[in-house]
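K.L.:
One structure follows; several queries about it will come next.
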Amino acid sequence: MGDLFLPLVQRYGIDFGLMLDVMDLVCPALRNPLVATMMSPLEYVGHGAVGGMIGLALLGYGYFYKNHRIRQAGIAVFVALAVAAGVAAALKYTVQLPHPQLPSEYGLPSGRTSAAFALASTLSATFPGLSPVFFGLALLAGIARLYSPAHYTWSIIGGAIIGLATGFAIALKLIPRGNSFRQNSL
């Protein structure tokens with residue numbers, strides 16, 4: 001019964017020595033003050049408060065201009081962020097991969113990366129022409145989490161997969177079809 005509570009990574013013998021810092025491996029020149037200054041704000045793209053403010057702005061715009069599609073997009077942002085956070089938290093306590101900087105916390109998957117990709121997925125369903133911008137920012141948020149180094153590579157990939165899956169599924173369910181930002185309907 002005692003080994004039931006052992007972290008899965010210890011139980012299956014994952015060697016943390018193999019989890020190299022990808023940023024140092026790919027390009028050591030990236031470790032400089034200028035890049036560090038640029039990366040730090042990018043981490044906030046995946047912060048739940050940023051996504052919440054975007055959802056609130058969409059919700060307000062939708063109500064004020066009586067745009068049902070935008071209003072639903074605001075709701076979808078909130079739901080996608082909540083579901084992605086719940087799935088990420090459940091997996092953190094199931095997998096129990098240690099956090100690179102905080103050994104007392106778990107790191108797989110990255111919650112901020114899952115939030116960034118859930119937000120990007122939901123927003124791209126609403127504003128398809130801006131999809132490259134949304135996914136570019138989500139990708140940069142994940143890279144910033146690697147750069148800090150707040151997560152291992154697999155934590156970022158896992159967070160991205162969770163965010164994509166939850167964001168697209170919720171957007172398909174909640175956001176009415178239509179291409180126009182100005183589409184007004186009640």
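Note on naming: chains are A, B, ... as they come in the structure tokens, residues start from 1 per chain, ligands start from 1 in the order shown.
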Show me, as CSV, the residues of segment 57-138 of chain A having an atom within 6 Å of segment 159-179 of chain A, each with the closest atom pair and its distance in Å, using only C-alpha atoms.

P.N.:
residue,atom,partner,partner_atom,distance
A:Arg69,CA,A:Pro176,CA,5.8
A:Gln72,CA,A:Ile175,CA,5.4
A:Ala73,CA,A:Ile175,CA,5.6
A:Ala76,CA,A:Ala171,CA,5.9
A:Ala80,CA,A:Gly167,CA,5.2
A:Ala84,CA,A:Gly163,CA,5.8
A:Pro109,CA,A:Gly159,CA,4.8
A:Ser110,CA,A:Gly159,CA,4.8
A:Thr113,CA,A:Gly159,CA,5.1
A:Ser114,CA,A:Gly159,CA,4.1
A:Ala115,CA,A:Gly163,CA,5.9
A:Phe117,CA,A:Gly163,CA,4.5
A:Ala118,CA,A:Gly163,CA,3.9
A:Ser121,CA,A:Gly167,CA,4.9
A:Thr122,CA,A:Gly167,CA,5.1

K.L.:
Since we have the selection now, will you write its residues out, keeping C-alpha atoms, as a PDB file, in the first residue's frame?

P.N.:
ATOM      1  CA  ARG A  69     -20.965  35.206 -31.137  1.00  0.00           C
ATOM      2  CA  GLN A  72     -20.205  33.263 -26.435  1.00  0.00           C
ATOM      3  CA  ALA A  73     -16.489  33.558 -27.200  1.00  0.00           C
ATOM      4  CA  ALA A  76     -15.800  29.929 -24.032  1.00  0.00           C
ATOM      5  CA  ALA A  80     -11.578  26.642 -21.666  1.00  0.00           C
ATOM      6  CA  ALA A  84      -7.463  23.302 -19.001  1.00  0.00           C
ATOM      7  CA  PRO A 109       2.095  19.580 -17.531  1.00  0.00           C
ATOM      8  CA  SER A 110       2.763  23.300 -17.597  1.00  0.00           C
ATOM      9  CA  THR A 113       1.286  26.725 -21.335  1.00  0.00           C
ATOM     10  CA  SER A 114      -2.036  24.875 -21.238  1.00  0.00           C
ATOM     11  CA  ALA A 115      -3.780  28.193 -20.480  1.00  0.00           C
ATOM     12  CA  PHE A 117      -2.901  27.308 -25.846  1.00  0.00           C
ATOM     13  CA  ALA A 118      -6.491  27.066 -24.572  1.00  0.00           C
ATOM     14  CA  SER A 121      -7.484  27.899 -29.584  1.00  0.00           C
ATOM     15  CA  THR A 122     -10.608  29.651 -28.374  1.00  0.00           C
TER      16      THR A 122
END

K.L.:
As a list in words, please: the residues near Gly48 of chain A (cut-off 9 Å, only C-alpha atoms, same-chain neighbours under 6 positions excluded).

P.N.:
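These residues fall inside the cut-off: Leu81, Ala82, Ala85, Arg112, Ala115 and Ala116 of chain A.
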
K.L.:
Write down as a ChimeraX atom specification the residues of segment 21-174 of chain A whose backbone DSSP state falls under helix (DSSP H, G or I).

P.N.:
/A:22-26,28-30,33-46,48-64,68-95,111-126,128-147,153-174

K.L.:
When distances are computed from only C-alpha atoms, which of A:Ile157, A:Phe127, A:Tyr106, A:Ala141 shows the smallest separation from Thr94 of chain A?

P.N.:
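Residue with the minimum atom-to-atom distance to Thr94 of chain A: A:Tyr106.
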
K.L.:
Return the single residue from A:Tyr147, A:Tyr44, A:Tyr152, A:Phe135 that is closest to His99 of chain A, with distances computed using only C-alpha atoms.

P.N.:
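Looking only at the distances to His99 of chain A, the closest residue turns out to be A:Tyr152.
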
K.L.:
If I take atom CA of Ala57 of chain A and atom CA of Val77 of chain A, how far is one from the other in Å, to one decimal?

P.N.:
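Interatomic distance, atom CA of Ala57 of chain A to atom CA of Val77 of chain A: 10.5 Å.
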